[in-house]
Amino acid sequence: MKSFYILNDAIRYVEEHIYEPITPEDIAGACNYSVSNLKYLFQKVFQYGMMDYVNKRKITEAAGRLIQTEETVGSVAYHYGYSSQEVFTRAFYKVWDETPGVYRKNHQFYRFFPMQEFIYDSCKVFRRRFDLRPLFQELKQTDSSIVVCFDIIGIRFLKTCFGREAGEAAALKALQRIESMTKRGGHLYRMAGDKFVVNFESSDYETVRCAVLNVLSCNTNPFPYKENMIPLPMFAGIGDVCAKEISEENLFPLLDDIIKNAHKRLVRTFRGMDGCNYFRMVYEEDSGLYRGFALNTWKGSRMGRTGLISRVPGEETQSVFRLDRETSPITWNISGQEYELFFPKRESWYKKTVFDSLGNMVREHYYIIRDLTYCDRSTVTFTLLFLEIVKTLEGKILTLNEGELKEALHDGFISKKDYRFIKTTGESIRNMIEKKTE
């Protein structure tokens, strides 16, 4: 709880002094906290340094000044406390992947890295999200607006595979894609790391729908990142926002609900490159959980345990998303690496091992499940729960989806008994992996 207040104090100091040169000592002094501890706290929460945060905020606001005024690049640089135009240009390129001059010619959107907010939500989850007050003020100008919320599919998977910086690169490419396809750069906001919202200020649903479909038509287009071509699929939800019914406090939950409802219309099937169905996930409206189906399994042993195994010789993920009932489903395929599923007998988890082209292990994913059922000789069904444990190639062990787990408990999709079971199982898996890697 103490870190909650310290981070908010630090962020307030940055905002109040954004036009000045800022040092780590300045921020730490304002928080009555040591520089070393504050740097550690920023690294733990943001996964990057304290001064990286300061620079991202300065460059974001400077980008807005570039496109809203006719000031020279040098003048904007000095306005935000940079010692020279050259220093500013290097910092700008690091965030935008473009020089200030090129950016000014090509873009209207600038809110790539708004001020951060830290809250404890109703599920008692410590959350980091972006400031939506500018959007709130905009929405209050008209009686009602159609908004569209976009979400990148698989951002955590992307960060696990390619690193945190790849996640930021994906967010920037997604925002640029939305801006170019909707032509609404001035009304485009980033609401969380992988979630975005566009205010169309329009009551013409058909126009909005066509713009959204233009964005989603690019789901098969990857983007280059450090010699990799990374997929960048998104889904979207459309909603009406009435000015009389929103407040600063309920705006984010309202937009988040639009995304959650849209996510229910996303169905993915995982096939082998040979065209055979090996694996699929289906959302169940009644339970609020996903039902998994693993086909073409056989008996075998792994990790000193017996169970069922399914080997997928290179994965092709087929995704089907329905924007609304009137619109034809959108379908796209993304190719992935070879992997193996192992369902150990009498366990409440399964392991997914991913291999590279030479057959070497790249990652291990451990998923917690219940209701494991052997339907016939070669088919397994199960209910996927909310915690995932990942072991990377470097031996790093990550626990994912803890926030979603608390939300599921809060929303009644799982019981307190389920919650305790999931947490205990997750700890057991971590202990098992850690002992294995010692």
# chains A, B, ... in the order shown; residues from 1 in each chain; ligands from 1
>>> closest_atom_pairs(of="range 98-139 of chain A", to="range 83-91 of chain A", cutoff="12 Å", atoms="only C-alpha atoms", output="tab-separated table")
residue	atom	partner	partner_atom	distance
A:Glu98	CA	A:Thr89	CA	9.0
A:Thr99	CA	A:Thr89	CA	6.2
A:Pro100	CA	A:Thr89	CA	6.5
A:Gly101	CA	A:Thr89	CA	9.3
A:Val102	CA	A:Thr89	CA	11.1
A:Tyr103	CA	A:Thr89	CA	11.1
>>> write_last_selection(atoms="C-alpha atoms", output="mmCIF file, in the first residue's frame")
data_model
loop_
_atom_site.group_PDB
_atom_site.id
_atom_site.type_symbol
_atom_site.label_atom_id
_atom_site.label_comp_id
_atom_site.auth_asym_id
_atom_site.auth_seq_id
_atom_site.Cartn_x
_atom_site.Cartn_y
_atom_site.Cartn_z
ATOM 1 C CA GLU A 98 10.472 9.027 -36.267
ATOM 2 C CA THR A 99 12.207 12.388 -36.129
ATOM 3 C CA PRO A 100 10.141 15.370 -34.880
ATOM 4 C CA GLY A 101 9.921 16.832 -38.397
ATOM 5 C CA VAL A 102 8.649 13.620 -40.008
ATOM 6 C CA TYR A 103 6.224 13.033 -37.137
#
>>> residues_around(residues="range 302-315 of chain A", least_positions_apart="6", cutoff="10 Å", atoms="only C-alpha atoms", output="JSON, numbers by chain")
{"A": [269, 270, 271, 272, 273, 274, 275, 276, 277, 278, 279, 294, 295, 296, 334, 335, 336, 337, 338, 339, 340, 341, 342, 343, 344, 345, 346, 347, 350, 351, 352, 353, 354, 355, 356, 357, 374, 377, 378, 379, 380, 436]}
>>> select_by_dssp(residues="range 164-384 of chain A", states="strand (DSSP E)", output="VMD selection string")
chain A and resid 188 to 192 195 to 199 223 to 225 228 to 230 234 to 242 266 to 272 277 to 284 289 to 294 298 to 302 305 to 312 315 to 321 330 to 335 339 to 344 349 to 355 361 to 374 380 to 384
>>> closest_residue(among="A:Ile330, A:Gly186, A:Ser180, A:Gly288", to="Met234 in chain A", atoms="only C-alpha atoms")
A:Ile330
>>> closest_residue(among="A:Ile258, A:Leu7, A:Val320, A:Leu41", to="Glu117 in chain A", atoms="only C-alpha atoms")
A:Leu7
>>> closest_residue(among="A:Arg128, A:Lys140, A:Lys58, A:Arg65", to="Cys242 in chain A", atoms="only C-alpha atoms")
A:Lys140
>>> select_by_dssp(residues="range 80-175 of chain A", states="helix (DSSP H, G or I)", output="ChimeraX atom specification")
/A:85-96,100-106,133-139,155-162,164-175
>>> atom_distance(atom1="CA of Ile389 in chain A", atom2="CA of Glu168 in chain A")
22.3 Å
>>> atom_distance(atom1="CA of Asp9 in chain A", atom2="CA of Ala30 in chain A")
7.4 Å
>>> residues_around(residues="Gly426 in chain A", least_positions_apart="3", cutoff="8 Å", atoms="only C-alpha atoms", output="list in words")
Ile368, Leu387, Glu388, Ile389, Ile422, Lys423, Ile429 and Arg430 of chain A
>>> write_last_selection(atoms="N, CA, C and O atoms", output="PDB file, in the first residue's frame")
ATOM      1  N   ILE A 368      -3.531 -23.666 -15.422  1.00  0.00           N
ATOM      2  CA  ILE A 368      -4.340 -24.307 -14.378  1.00  0.00           C
ATOM      3  C   ILE A 368      -5.734 -24.562 -14.932  1.00  0.00           C
ATOM      4  O   ILE A 368      -6.344 -23.679 -15.555  1.00  0.00           O
ATOM      5  N   LEU A 387      -4.896 -18.547 -13.986  1.00  0.00           N
ATOM      6  CA  LEU A 387      -3.486 -18.328 -13.693  1.00  0.00           C
ATOM      7  C   LEU A 387      -2.619 -19.088 -14.687  1.00  0.00           C
ATOM      8  O   LEU A 387      -2.935 -20.217 -15.058  1.00  0.00           O
ATOM      9  N   GLU A 388      -1.556 -18.463 -15.132  1.00  0.00           N
ATOM     10  CA  GLU A 388      -0.617 -19.093 -16.057  1.00  0.00           C
ATOM     11  C   GLU A 388       0.799 -18.867 -15.539  1.00  0.00           C
ATOM     12  O   GLU A 388       1.150 -17.752 -15.159  1.00  0.00           O
ATOM     13  N   ILE A 389       1.602 -19.918 -15.543  1.00  0.00           N
ATOM     14  CA  ILE A 389       3.001 -19.841 -15.133  1.00  0.00           C
ATOM     15  C   ILE A 389       3.854 -20.086 -16.372  1.00  0.00           C
ATOM     16  O   ILE A 389       3.611 -21.037 -17.116  1.00  0.00           O
ATOM     17  N   ILE A 422      -6.753 -22.296  -7.016  1.00  0.00           N
ATOM     18  CA  ILE A 422      -5.922 -21.795  -8.120  1.00  0.00           C
ATOM     19  C   ILE A 422      -4.603 -21.243  -7.588  1.00  0.00           C
ATOM     20  O   ILE A 422      -3.536 -21.534  -8.121  1.00  0.00           O
ATOM     21  N   LYS A 423      -4.675 -20.452  -6.509  1.00  0.00           N
ATOM     22  CA  LYS A 423      -3.464 -19.873  -5.937  1.00  0.00           C
ATOM     23  C   LYS A 423      -2.525 -20.968  -5.425  1.00  0.00           C
ATOM     24  O   LYS A 423      -1.312 -20.916  -5.648  1.00  0.00           O
ATOM     25  N   ILE A 429       3.103 -25.277  -8.757  1.00  0.00           N
ATOM     26  CA  ILE A 429       3.758 -25.326 -10.068  1.00  0.00           C
ATOM     27  C   ILE A 429       5.074 -24.565 -10.036  1.00  0.00           C
ATOM     28  O   ILE A 429       6.111 -25.036 -10.517  1.00  0.00           O
ATOM     29  N   ARG A 430       5.057 -23.379  -9.434  1.00  0.00           N
ATOM     30  CA  ARG A 430       6.291 -22.592  -9.334  1.00  0.00           C
ATOM     31  C   ARG A 430       7.357 -23.351  -8.555  1.00  0.00           C
ATOM     32  O   ARG A 430       8.531 -23.384  -8.945  1.00  0.00           O
TER      33      ARG A 430
END
>>> closest_atom_pairs(of="range 30-136 of chain A", to="range 189-192 of chain A", cutoff="7 Å", atoms="only C-alpha atoms", output="tab-separated table")
residue	atom	partner	partner_atom	distance
A:Arg111	CA	A:Tyr189	CA	6.1
A:Phe112	CA	A:Arg190	CA	6.4
A:Arg129	CA	A:Ala192	CA	5.0
A:Phe130	CA	A:Met191	CA	5.3
A:Leu132	CA	A:Met191	CA	6.7
>>> write_last_selection(atoms="N, CA, C and O atoms", output="PDB file, in the first residue's frame")
ATOM      1  N   ARG A 111      -1.085  11.155 -27.969  1.00  0.00           N
ATOM      2  CA  ARG A 111      -1.213  10.681 -26.588  1.00  0.00           C
ATOM      3  C   ARG A 111      -0.728   9.237 -26.433  1.00  0.00           C
ATOM      4  O   ARG A 111      -1.457   8.378 -25.958  1.00  0.00           O
ATOM      5  N   PHE A 112       0.504   8.981 -26.848  1.00  0.00           N
ATOM      6  CA  PHE A 112       1.036   7.634 -26.765  1.00  0.00           C
ATOM      7  C   PHE A 112       1.346   7.239 -25.319  1.00  0.00           C
ATOM      8  O   PHE A 112       1.155   6.108 -24.911  1.00  0.00           O
ATOM      9  N   ARG A 129      -3.033   2.483 -15.111  1.00  0.00           N
ATOM     10  CA  ARG A 129      -3.728   2.816 -16.348  1.00  0.00           C
ATOM     11  C   ARG A 129      -3.440   4.274 -16.694  1.00  0.00           C
ATOM     12  O   ARG A 129      -2.858   5.016 -15.911  1.00  0.00           O
ATOM     13  N   PHE A 130      -3.897   4.687 -17.877  1.00  0.00           N
ATOM     14  CA  PHE A 130      -3.589   6.029 -18.350  1.00  0.00           C
ATOM     15  C   PHE A 130      -4.711   7.010 -18.022  1.00  0.00           C
ATOM     16  O   PHE A 130      -5.882   6.637 -17.897  1.00  0.00           O
ATOM     17  N   LEU A 132      -7.525   9.480 -18.419  1.00  0.00           N
ATOM     18  CA  LEU A 132      -8.549   9.662 -19.442  1.00  0.00           C
ATOM     19  C   LEU A 132      -9.330  10.967 -19.270  1.00  0.00           C
ATOM     20  O   LEU A 132     -10.387  11.148 -19.885  1.00  0.00           O
TER      21      LEU A 132
END
>>> closest_residue(among="A:Ala166, A:Leu323, A:Pro231, A:Arg12", to="Val208 in chain A", atoms="only C-alpha atoms")
A:Leu323
>>> residues_around(residues="Gln137 in chain A", least_positions_apart="6", cutoff="10 Å", atoms="only C-alpha atoms", output="ChimeraX atom specification")
/A:243,247-248
>>> closest_residue(among="A:Asp151, A:Leu213, A:Asp324, A:Glu206", to="Met181 in chain A", atoms="only C-alpha atoms")
A:Leu213
>>> residues_around(residues="Leu139 in chain A", least_positions_apart="2", cutoff="12 Å", atoms="only C-alpha atoms", output="PyMOL selection string")
chain A and resi 132-137+141-147+187+197-202+240-248+251
>>> closest_atom_pairs(of="range 230-316 of chain A", to="range 413-421 of chain A", cutoff="10 Å", atoms="only C-alpha atoms", output="JSON lines")
{"residue": "A:Asp286", "atom": "CA", "partner": "A:Phe413", "partner_atom": "CA", "distance": 9.0}
{"residue": "A:Ser287", "atom": "CA", "partner": "A:Phe413", "partner_atom": "CA", "distance": 6.1}
{"residue": "A:Gly288", "atom": "CA", "partner": "A:Phe413", "partner_atom": "CA", "distance": 5.8}
{"residue": "A:Leu289", "atom": "CA", "partner": "A:Phe413", "partner_atom": "CA", "distance": 7.4}
>>> write_last_selection(atoms="N, CA and C atoms", output="mmCIF file, in the first residue's frame")
data_model
loop_
_atom_site.group_PDB
_atom_site.id
_atom_site.type_symbol
_atom_site.label_atom_id
_atom_site.label_comp_id
_atom_site.auth_asym_id
_atom_site.auth_seq_id
_atom_site.Cartn_x
_atom_site.Cartn_y
_atom_site.Cartn_z
ATOM 1 N N ASP A 286 -22.355 -18.826 -19.845
ATOM 2 C CA ASP A 286 -22.926 -19.113 -18.522
ATOM 3 C C ASP A 286 -21.874 -19.093 -17.414
ATOM 4 N N SER A 287 -20.710 -19.653 -17.694
ATOM 5 C CA SER A 287 -19.688 -19.762 -16.649
ATOM 6 C C SER A 287 -18.711 -18.594 -16.637
ATOM 7 N N GLY A 288 -18.631 -17.858 -17.748
ATOM 8 C CA GLY A 288 -17.648 -16.790 -17.845
ATOM 9 C C GLY A 288 -16.235 -17.305 -18.009
ATOM 10 N N LEU A 289 -16.084 -18.591 -18.348
ATOM 11 C CA LEU A 289 -14.775 -19.220 -18.500
ATOM 12 C C LEU A 289 -14.648 -19.797 -19.908
#
